[in-house]
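Coordinates as given in protein35.json (JSON, C-alpha atoms):
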```
[["chain", "number", "residue", "atom", "x", "y", "z"],
["A", 7, "MET", "CA", -93.28, 17.53, 46.23],
["A", 8, "SER", "CA", -96.47, 15.53, 46.26],
["A", 9, "ALA", "CA", -96.57, 12.83, 48.86],
["A", 10, "ARG", "CA", -99.31, 10.79, 50.47],
["A", 11, "PRO", "CA", -100.06, 10.48, 54.15],
["A", 12, "ALA", "CA", -98.94, 6.85, 53.87],
["A", 13, "ASP", "CA", -95.47, 8.24, 53.29],
["A", 14, "PHE", "CA", -95.42, 10.01, 56.66],
["A", 15, "ILE", "CA", -93.34, 7.29, 58.31],
["A", 16, "ASP", "CA", -90.66, 7.49, 55.62],
["A", 17, "ARG", "CA", -90.35, 11.22, 56.08],
["A", 18, "VAL", "CA", -89.40, 11.19, 59.77],
["A", 19, "GLY", "CA", -85.71, 11.97, 60.10],
["A", 20, "ALA", "CA", -83.58, 10.14, 62.68],
["A", 21, "GLU", "CA", -83.23, 13.23, 64.88],
["A", 22, "CYS", "CA", -86.63, 14.71, 64.15],
["A", 23, "VAL", "CA", -88.41, 16.61, 66.92],
["A", 24, "TRP", "CA", -92.22, 16.50, 66.71],
["A", 25, "THR", "CA", -94.28, 18.81, 68.91],
["A", 26, "VAL", "CA", -98.00, 18.44, 69.64],
["A", 27, "ALA", "CA", -99.52, 21.35, 71.53],
["A", 28, "GLY", "CA", -102.40, 21.25, 73.96],
["A", 29, "GLU", "CA", -103.33, 19.26, 77.03],
["A", 30, "SER", "CA", -104.30, 15.86, 75.68],
["A", 31, "LEU", "CA", -102.74, 12.42, 75.99],
["A", 32, "MET", "CA", -100.93, 13.13, 72.72],
["A", 33, "ALA", "CA", -99.52, 16.53, 73.70],
["A", 34, "GLY", "CA", -95.79, 16.82, 74.15],
["A", 35, "THR", "CA", -92.48, 16.82, 72.35],
["A", 36, "TYR", "CA", -91.32, 13.58, 70.72],
["A", 37, "ALA", "CA", -87.61, 13.52, 70.01],
["A", 38, "GLY", "CA", -86.12, 11.02, 67.59],
["A", 39, "ARG", "CA", -87.59, 8.72, 64.99],
["A", 40, "GLU", "CA", -88.38, 5.88, 67.39],
["A", 41, "ALA", "CA", -90.29, 8.12, 69.77],
["A", 42, "ILE", "CA", -92.26, 9.59, 66.86],
["A", 43, "LEU", "CA", -93.11, 6.20, 65.40],
["A", 44, "ALA", "CA", -94.30, 5.13, 68.85],
["A", 45, "PHE", "CA", -96.47, 8.25, 68.89],
["A", 46, "PHE", "CA", -97.92, 7.24, 65.50],
["A", 47, "ARG", "CA", -98.66, 3.76, 66.87],
["A", 48, "ARG", "CA", -100.37, 5.32, 69.89],
["A", 49, "THR", "CA", -102.80, 7.16, 67.59],
["A", 50, "GLN", "CA", -103.80, 3.78, 66.19],
["A", 51, "GLU", "CA", -104.00, 2.04, 69.58],
["A", 52, "LEU", "CA", -106.26, 4.73, 71.04],
["A", 53, "THR", "CA", -108.63, 4.60, 68.07],
["A", 54, "ASP", "CA", -108.74, 0.87, 67.40],
["A", 55, "GLY", "CA", -106.93, 1.56, 64.16],
["A", 56, "THR", "CA", -109.50, 4.01, 62.85],
["A", 57, "TYR", "CA", -107.27, 7.10, 62.88],
["A", 58, "GLY", "CA", -106.29, 8.30, 59.43],
["A", 59, "ASP", "CA", -105.23, 11.34, 57.46],
["A", 60, "GLU", "CA", -106.48, 12.62, 54.15],
["A", 61, "LEU", "CA", -104.10, 15.03, 52.49],
["A", 62, "ASN", "CA", -105.62, 18.32, 51.32],
["A", 63, "TRP", "CA", -102.41, 19.77, 49.95],
["A", 64, "GLU", "CA", -98.84, 20.56, 50.80],
["A", 65, "LEU", "CA", -96.15, 22.99, 49.81],
["A", 66, "ASP", "CA", -92.41, 23.06, 50.32],
["A", 67, "ASP", "CA", -89.36, 24.94, 49.14],
["A", 68, "GLY", "CA", -86.78, 22.30, 50.05],
["A", 69, "GLU", "CA", -86.20, 23.78, 53.52],
["A", 70, "ARG", "CA", -89.70, 24.33, 54.88],
["A", 71, "GLN", "CA", -92.93, 22.52, 54.34],
["A", 72, "VAL", "CA", -96.59, 22.95, 55.20],
["A", 73, "THR", "CA", -98.84, 19.89, 55.04],
["A", 74, "TYR", "CA", -102.58, 20.49, 55.29],
["A", 75, "TYR", "CA", -104.78, 17.47, 55.93],
["A", 76, "ARG", "CA", -108.02, 16.18, 57.39],
["A", 77, "ALA", "CA", -107.69, 13.95, 60.44],
["A", 78, "ARG", "CA", -110.41, 11.43, 61.20],
["A", 79, "GLY", "CA", -110.82, 8.75, 63.80],
["A", 80, "ARG", "CA", -113.07, 7.22, 66.42],
["A", 81, "ARG", "CA", -112.30, 6.40, 70.04],
["A", 82, "PRO", "CA", -113.75, 3.18, 71.48],
["A", 83, "ASP", "CA", -116.12, 5.22, 73.67],
["A", 84, "GLY", "CA", -117.70, 6.79, 70.59],
["A", 85, "ARG", "CA", -115.85, 10.12, 70.43],
["A", 86, "GLU", "CA", -115.18, 11.09, 66.84],
["A", 87, "LEU", "CA", -112.59, 13.34, 65.24],
["A", 88, "ASP", "CA", -113.08, 15.00, 61.86],
["A", 89, "LEU", "CA", -110.79, 18.00, 61.92],
["A", 90, "ASP", "CA", -108.48, 20.01, 59.66],
["A", 91, "GLN", "CA", -104.90, 19.92, 60.85],
["A", 92, "ALA", "CA", -101.56, 21.14, 59.57],
["A", 93, "LEU", "CA", -97.91, 20.28, 59.97],
["A", 94, "VAL", "CA", -95.32, 23.05, 59.81],
["A", 95, "CYS", "CA", -92.00, 21.39, 59.11],
["A", 96, "ARG", "CA", -88.32, 22.06, 58.65],
["A", 97, "LEU", "CA", -86.61, 19.71, 56.21],
["A", 98, "ASP", "CA", -83.12, 18.28, 55.91],
["A", 99, "GLY", "CA", -81.23, 18.16, 52.61],
["A", 100, "GLU", "CA", -82.99, 14.94, 51.63],
["A", 101, "GLY", "CA", -86.46, 16.25, 52.28],
["A", 102, "ARG", "CA", -86.93, 14.46, 55.60],
["A", 103, "TRP", "CA", -88.52, 16.17, 58.56],
["A", 104, "VAL", "CA", -86.14, 17.44, 61.23],
["A", 105, "GLU", "CA", -88.69, 19.57, 63.07],
["A", 106, "VAL", "CA", -92.47, 19.27, 62.98],
["A", 107, "ARG", "CA", -95.11, 21.33, 64.68],
["A", 108, "ALA", "CA", -98.57, 19.74, 64.54],
["A", 109, "LEU", "CA", -101.40, 22.29, 64.57],
["A", 110, "PRO", "CA", -105.09, 21.39, 64.82],
["A", 111, "TYR", "CA", -107.60, 23.90, 63.45],
["A", 112, "ASP", "CA", -109.46, 23.67, 66.74],
["A", 113, "GLN", "CA", -107.32, 22.81, 69.77],
["A", 114, "ALA", "CA", -110.32, 22.21, 72.06],
["A", 115, "VAL", "CA", -111.82, 19.68, 69.65],
["A", 116, "PHE", "CA", -108.45, 17.98, 69.30],
["A", 117, "ASP", "CA", -107.93, 17.86, 73.08],
["A", 118, "ALA", "CA", -111.46, 16.56, 73.72],
["A", 119, "PHE", "CA", -110.88, 13.69, 71.31],
["A", 120, "TRP", "CA", -107.42, 12.72, 72.55],
["A", 121, "SER", "CA", -107.95, 13.28, 76.28],
["B", 23, "MET", "CA", -88.57, 27.51, 44.52],
["B", 24, "THR", "CA", -92.01, 27.59, 46.05],
["B", 25, "ASP", "CA", -91.32, 30.88, 47.81],
["B", 26, "ALA", "CA", -90.90, 32.46, 44.37],
["B", 27, "HIS", "CA", -94.33, 31.30, 43.21],
["B", 28, "PRO", "CA", -96.82, 34.12, 42.49],
["B", 29, "ASN", "CA", -99.02, 32.87, 45.32],
["B", 30, "ALA", "CA", -96.13, 33.27, 47.77],
["B", 31, "ALA", "CA", -95.82, 36.82, 46.46],
["B", 32, "LEU", "CA", -99.56, 37.20, 47.11],
["B", 33, "MET", "CA", -98.92, 36.32, 50.76],
["B", 34, "ARG", "CA", -96.18, 38.93, 50.95],
["B", 35, "ARG", "CA", -98.51, 41.56, 49.46],
["B", 36, "LEU", "CA", -101.28, 40.53, 51.86],
["B", 37, "PHE", "CA", -99.16, 41.06, 54.97],
["B", 38, "ASP", "CA", -97.69, 44.25, 53.55],
["B", 39, "ALA", "CA", -101.17, 45.67, 52.91],
["B", 40, "PHE", "CA", -102.35, 44.61, 56.37],
["B", 41, "GLY", "CA", -99.32, 46.34, 57.89],
["B", 42, "ARG", "CA", -100.26, 49.53, 56.05],
["B", 43, "ARG", "CA", -103.91, 49.12, 57.10],
["B", 44, "ASP", "CA", -104.74, 49.40, 53.40],
["B", 45, "GLY", "CA", -108.28, 48.03, 53.23],
["B", 46, "ALA", "CA", -108.66, 48.70, 49.51],
["B", 47, "ALA", "CA", -105.50, 46.74, 48.70],
["B", 48, "LEU", "CA", -106.64, 43.91, 50.98],
["B", 49, "ALA", "CA", -110.07, 43.78, 49.36],
["B", 50, "GLY", "CA", -108.44, 43.45, 45.96],
["B", 51, "MET", "CA", -106.66, 40.29, 47.07],
["B", 52, "PHE", "CA", -109.86, 38.47, 48.08],
["B", 53, "GLY", "CA", -112.34, 36.69, 45.90],
["B", 54, "HIS", "CA", -115.86, 38.10, 46.11],
["B", 55, "ASP", "CA", -117.06, 35.12, 48.17],
["B", 56, "VAL", "CA", -113.90, 34.57, 50.19],
["B", 57, "VAL", "CA", -114.25, 32.60, 53.42],
["B", 58, "TRP", "CA", -111.86, 33.37, 56.29],
["B", 59, "ARG", "CA", -111.85, 30.79, 59.08],
["B", 60, "VAL", "CA", -110.56, 31.23, 62.62],
["B", 61, "GLY", "CA", -110.67, 28.23, 64.90],
["B", 62, "GLY", "CA", -111.26, 28.07, 68.61],
["B", 63, "ASP", "CA", -113.83, 29.60, 70.91],
["B", 64, "THR", "CA", -113.07, 33.31, 71.11],
["B", 65, "PRO", "CA", -115.00, 36.41, 70.00],
["B", 66, "MET", "CA", -112.77, 36.40, 66.90],
["B", 67, "SER", "CA", -113.40, 32.73, 66.08],
["B", 68, "GLY", "CA", -115.74, 31.70, 63.31],
["B", 69, "GLU", "CA", -116.17, 31.96, 59.57],
["B", 70, "TYR", "CA", -116.29, 35.30, 57.80],
["B", 71, "HIS", "CA", -117.98, 35.18, 54.41],
["B", 72, "GLY", "CA", -117.40, 37.66, 51.61],
["B", 73, "TRP", "CA", -114.65, 40.21, 51.15],
["B", 74, "ARG", "CA", -116.51, 42.94, 53.06],
["B", 75, "ASP", "CA", -116.88, 40.85, 56.21],
["B", 76, "VAL", "CA", -113.30, 39.64, 55.94],
["B", 77, "VAL", "CA", -111.96, 43.17, 55.71],
["B", 78, "LEU", "CA", -114.18, 44.17, 58.67],
["B", 79, "PHE", "CA", -112.84, 41.22, 60.64],
["B", 80, "LEU", "CA", -109.26, 42.24, 59.87],
["B", 81, "ARG", "CA", -110.06, 45.82, 60.92],
["B", 82, "GLY", "CA", -111.46, 44.34, 64.12],
["B", 83, "THR", "CA", -108.06, 43.03, 65.08],
["B", 84, "THR", "CA", -106.92, 46.65, 65.10],
["B", 85, "SER", "CA", -109.95, 48.15, 66.84],
["B", 86, "GLN", "CA", -109.96, 45.43, 69.51],
["B", 87, "THR", "CA", -106.34, 46.14, 70.38],
["B", 88, "ASP", "CA", -106.24, 49.95, 70.34],
["B", 89, "GLY", "CA", -104.27, 49.72, 67.12],
["B", 90, "THR", "CA", -101.49, 47.62, 68.62],
["B", 91, "TYR", "CA", -102.13, 44.43, 66.64],
["B", 92, "ARG", "CA", -99.42, 43.61, 64.12],
["B", 93, "SER", "CA", -98.76, 40.58, 61.98],
["B", 94, "SER", "CA", -95.28, 40.20, 60.54],
["B", 95, "LEU", "CA", -94.69, 37.66, 57.80],
["B", 96, "VAL", "CA", -91.94, 35.18, 58.69],
["B", 97, "TRP", "CA", -92.05, 33.10, 55.52],
["B", 98, "ALA", "CA", -94.44, 32.12, 52.76],
["B", 99, "LEU", "CA", -94.85, 29.27, 50.32],
["B", 100, "GLY", "CA", -96.93, 29.24, 47.17],
["B", 101, "GLY", "CA", -98.11, 26.68, 44.66],
["B", 102, "ASP", "CA", -100.78, 26.43, 42.04],
["B", 103, "GLY", "CA", -104.09, 27.22, 43.70],
["B", 104, "ARG", "CA", -102.71, 27.49, 47.23],
["B", 105, "ALA", "CA", -100.43, 29.38, 49.56],
["B", 106, "ALA", "CA", -99.22, 29.18, 53.14],
["B", 107, "ALA", "CA", -97.70, 31.74, 55.45],
["B", 108, "VAL", "CA", -96.17, 31.65, 58.91],
["B", 109, "TYR", "CA", -96.40, 35.00, 60.64],
["B", 110, "ARG", "CA", -95.81, 36.53, 64.03],
["B", 111, "ALA", "CA", -98.89, 38.04, 65.65],
["B", 112, "ARG", "CA", -98.35, 40.69, 68.30],
["B", 113, "GLY", "CA", -100.66, 43.02, 70.16],
["B", 114, "ALA", "CA", -101.88, 44.27, 73.52],
["B", 115, "ARG", "CA", -105.44, 44.17, 74.80],
["B", 116, "ASN", "CA", -106.99, 44.72, 78.23],
["B", 117, "GLY", "CA", -103.62, 44.30, 79.87],
["B", 118, "ARG", "CA", -102.88, 41.08, 78.02],
["B", 119, "GLU", "CA", -100.18, 40.67, 75.40],
["B", 120, "LEU", "CA", -100.02, 38.46, 72.34],
["B", 121, "ASP", "CA", -96.73, 37.39, 70.78],
["B", 122, "ILE", "CA", -97.12, 34.08, 68.97],
["B", 123, "ASP", "CA", -96.57, 32.47, 65.58],
["B", 124, "GLN", "CA", -99.62, 31.70, 63.48],
["B", 125, "LEU", "CA", -100.22, 29.80, 60.27],
["B", 126, "LEU", "CA", -102.37, 30.96, 57.37],
["B", 127, "LEU", "CA", -103.52, 28.39, 54.80],
["B", 128, "CYS", "CA", -105.07, 29.77, 51.63],
["B", 129, "ASP", "CA", -106.77, 28.49, 48.52],
["B", 130, "VAL", "CA", -106.21, 30.83, 45.62],
["B", 131, "ASP", "CA", -108.15, 31.23, 42.41],
["B", 132, "ASP", "CA", -107.08, 33.52, 39.60],
["B", 133, "GLY", "CA", -104.73, 35.41, 41.88],
["B", 134, "ARG", "CA", -107.27, 35.99, 44.65],
["B", 135, "ILE", "CA", -107.67, 34.31, 48.01],
["B", 136, "VAL", "CA", -110.91, 32.30, 48.12],
["B", 137, "THR", "CA", -110.45, 30.55, 51.46],
["B", 138, "ALA", "CA", -108.12, 31.38, 54.34],
["B", 139, "THR", "CA", -107.70, 29.34, 57.49],
["B", 140, "ALA", "CA", -105.80, 30.85, 60.42],
["B", 141, "ILE", "CA", -104.31, 28.54, 63.06],
["B", 142, "PRO", "CA", -102.32, 29.77, 66.08],
["B", 143, "PHE", "CA", -99.24, 27.83, 67.14],
["B", 144, "GLU", "CA", -100.27, 28.36, 70.77],
["B", 145, "ALA", "CA", -104.03, 28.05, 70.99],
["B", 146, "ASP", "CA", -104.13, 28.76, 74.73],
["B", 147, "ALA", "CA", -102.31, 32.07, 74.33],
["B", 148, "PHE", "CA", -104.55, 32.97, 71.40],
["B", 149, "THR", "CA", -107.70, 32.20, 73.40],
["B", 150, "ARG", "CA", -106.55, 34.09, 76.48],
["B", 151, "PHE", "CA", -105.74, 37.15, 74.41],
["B", 152, "TRP", "CA", -108.92, 37.38, 72.36],
["B", 153, "SER", "CA", -111.45, 36.24, 74.99]]
```

Whole structure given in structure tokens:
Amino acid sequence: MSARPADFIDRVGAECVWTVAGESLMAGTYAGREAILAFFRRTQELTDGTYGDELNWELDDGERQVTYYRARGRRPDGRELDLDQALVCRLDGEGRWVEVRALPYDQAVFDAFWS
Amino acid sequence: MTDAHPNAALMRRLFDAFGRRDGAALAGMFGHDVVWRVGGDTPMSGEYHGWRDVVLFLRGTTSQTDGTYRSSLVWALGGDGRAAAVYRARGARNGRELDIDQLLLCDVDDGRIVTATAIPFEADAFTRFWS
């Protein structure tokens, strides 16, 4: 599968559970497509729309997927994010995410940006 | 199937060799200028350049844990030029215990790992253990 970050929204299954580790405003478990899409919107609201992902690569076998990407954004107070991150996902039969674990390369950098 | 790709098999061989503490086999899986990256702010965090330093770093996980450190492959995916592995990392150190999943992201060239990025699923537990 080769998909673009712009396709992220289409990949979220109705019952998907998305977990963000750490101690930031974004940390937590988001259950269900609506909650996850609200989480996506929050990343835009907190960064004045500057948050974006650039896909490095991804792999899947139809059941599991790893997506490796660069996350960038800027908070209104000047904090900047430029960090490798990964998603470890379980897929349904149609290739949609049913479980996602979001992993930043550096949790402290991630938390400092999103706190 | 991506788990049948030769680079998924490379991940299986990597974890098998690490389990056997087979430094020569490990060295043979790394490119000469391999870079191994560990995030966070622990004594183990940083970038290790070259196969010698990477093998020394991997040996360090054993010496820092009185030989208790183990990494068990849970699953691996491979594709052209890349591979990923989820593994369980366990060990004991200074009265602290580690038992968490970790992710390894690799770029592969001509059958050898040229970059590896290790990311713990639970950064706090990782930091507490290795600090």

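Distances to chain B were evaluated for A:Arg47, A:Arg17, A:Arg96, A:Arg70 using all atoms listed in the file, and the minimum falls at A:Arg70.
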
Item to check | Residues of chain A within 9 Å of chain B, counting all atoms listed in the file, as a list in words | outcome: Ala27, Gly28, Trp63, Glu64, Leu65, Asp66, Asp67, Gly68, Arg70, Gln71, Val72, Tyr74, Gln91, Ala92, Val94, Arg107, Ala108, Leu109, Pro110, Tyr111, Asp112, Gln113, Ala114 and Val115 of chain A

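Take the candidates B:Ala114, B:Leu78, B:Ala46, B:Leu126 and check each one against Ala138 in chain B using all atoms listed in the file; the shortest distance goes to B:Leu126.
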
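CA of Leu52 in chain A to CA of Cys95 in chain A spans 25.0 Å [interatomic distance, one decimal].
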
Checklist entry - Expressed in Å to a single decimal, how great is the separation between CA of His27 in chain B and CA of Asp121 in chain B? => result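 It comes out at 28.3 Å.
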
Next on the checklist: Between CA of Glu21 in chain A and CA of Glu40 in chain A, what is the distance in Å, rounded to a tenth?
Outcome noted: 9.3 Å

Checklist entry - With only C-alpha atoms as the atoms that count, which of A:Pro82, A:Gly101, A:Gly58, A:Gly19 lies nearest to Phe46 in chain A? => result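 Under the stated criterion, the closest residue is A:Gly58.
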
Item to check | Nearest to Arg134 in chain B, chosen from B:Pro28, B:Gly45, B:Pro65, B:Gly53, with all atoms listed in the file counted in the distances | outcome: B:Gly53

Checklist entry - For Ala30 in chain B, which residue out of B:Leu95, B:Leu48, B:Met66, B:Ala147 is the nearest one, using only C-alpha atoms? => result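 Among B:Leu95, B:Leu48, B:Met66, B:Ala147, it is B:Leu95 that comes nearest to Ala30 in chain B.
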
As AutoDock Vina command-line options, please: the centre and edge lengths in Å, to one decimal, of an axis-aligned box enclosing every listed atom of range 44-48 of chain A with 8 Å added on each side.
```
--center_x -97.3 --center_y 6.0 --center_z 67.7 --size_x 22.1 --size_y 20.5 --size_z 20.4
```

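Residues in contact with Leu43 in chain A at up to 12 Å, not including ones fewer than 3 positions away on its chain and judged by only C-alpha atoms, are Phe14, Ile15, Asp16, Arg17, Val18, Gly19, Ala20, Cys22, Val23, Trp24, Tyr36, Ala37, Gly38, Arg39, Glu40, Phe46, Arg47, Arg48, Thr49 and Gln50 of chain A.
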
Item to check | Residues near Arg110 in chain B, cut-off 6 Å, all atoms listed in the file, skip fewer than 4 positions along chain, as JSON, numbers by chain | outcome: {"B": [93, 94, 122, 123]}

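Every polymer residue reaching to within 8 Å of (-110.6, 3.8, 69.0), counting all atoms listed in the file, appears in this list: Gln50, Glu51, Leu52, Thr53, Asp54, Gly55, Thr56, Tyr57, Gly79, Arg80, Arg81, Pro82, Asp83 and Gly84 of chain A.
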
Selected residues written out with C-alpha atoms, as a PDB file, in the frame of the given file:
```
ATOM      1  CA  GLN A  50    -103.800   3.780  66.190  1.00  0.00           C
ATOM      2  CA  GLU A  51    -104.000   2.040  69.580  1.00  0.00           C
ATOM      3  CA  LEU A  52    -106.260   4.730  71.040  1.00  0.00           C
ATOM      4  CA  THR A  53    -108.630   4.600  68.070  1.00  0.00           C
ATOM      5  CA  ASP A  54    -108.740   0.870  67.400  1.00  0.00           C
ATOM      6  CA  GLY A  55    -106.930   1.560  64.160  1.00  0.00           C
ATOM      7  CA  THR A  56    -109.500   4.010  62.850  1.00  0.00           C
ATOM      8  CA  TYR A  57    -107.270   7.100  62.880  1.00  0.00           C
ATOM      9  CA  GLY A  79    -110.820   8.750  63.800  1.00  0.00           C
ATOM     10  CA  ARG A  80    -113.070   7.220  66.420  1.00  0.00           C
ATOM     11  CA  ARG A  81    -112.300   6.400  70.040  1.00  0.00           C
ATOM     12  CA  PRO A  82    -113.750   3.180  71.480  1.00  0.00           C
ATOM     13  CA  ASP A  83    -116.120   5.220  73.670  1.00  0.00           C
ATOM     14  CA  GLY A  84    -117.700   6.790  70.590  1.00  0.00           C
TER      15      GLY A  84
END
```
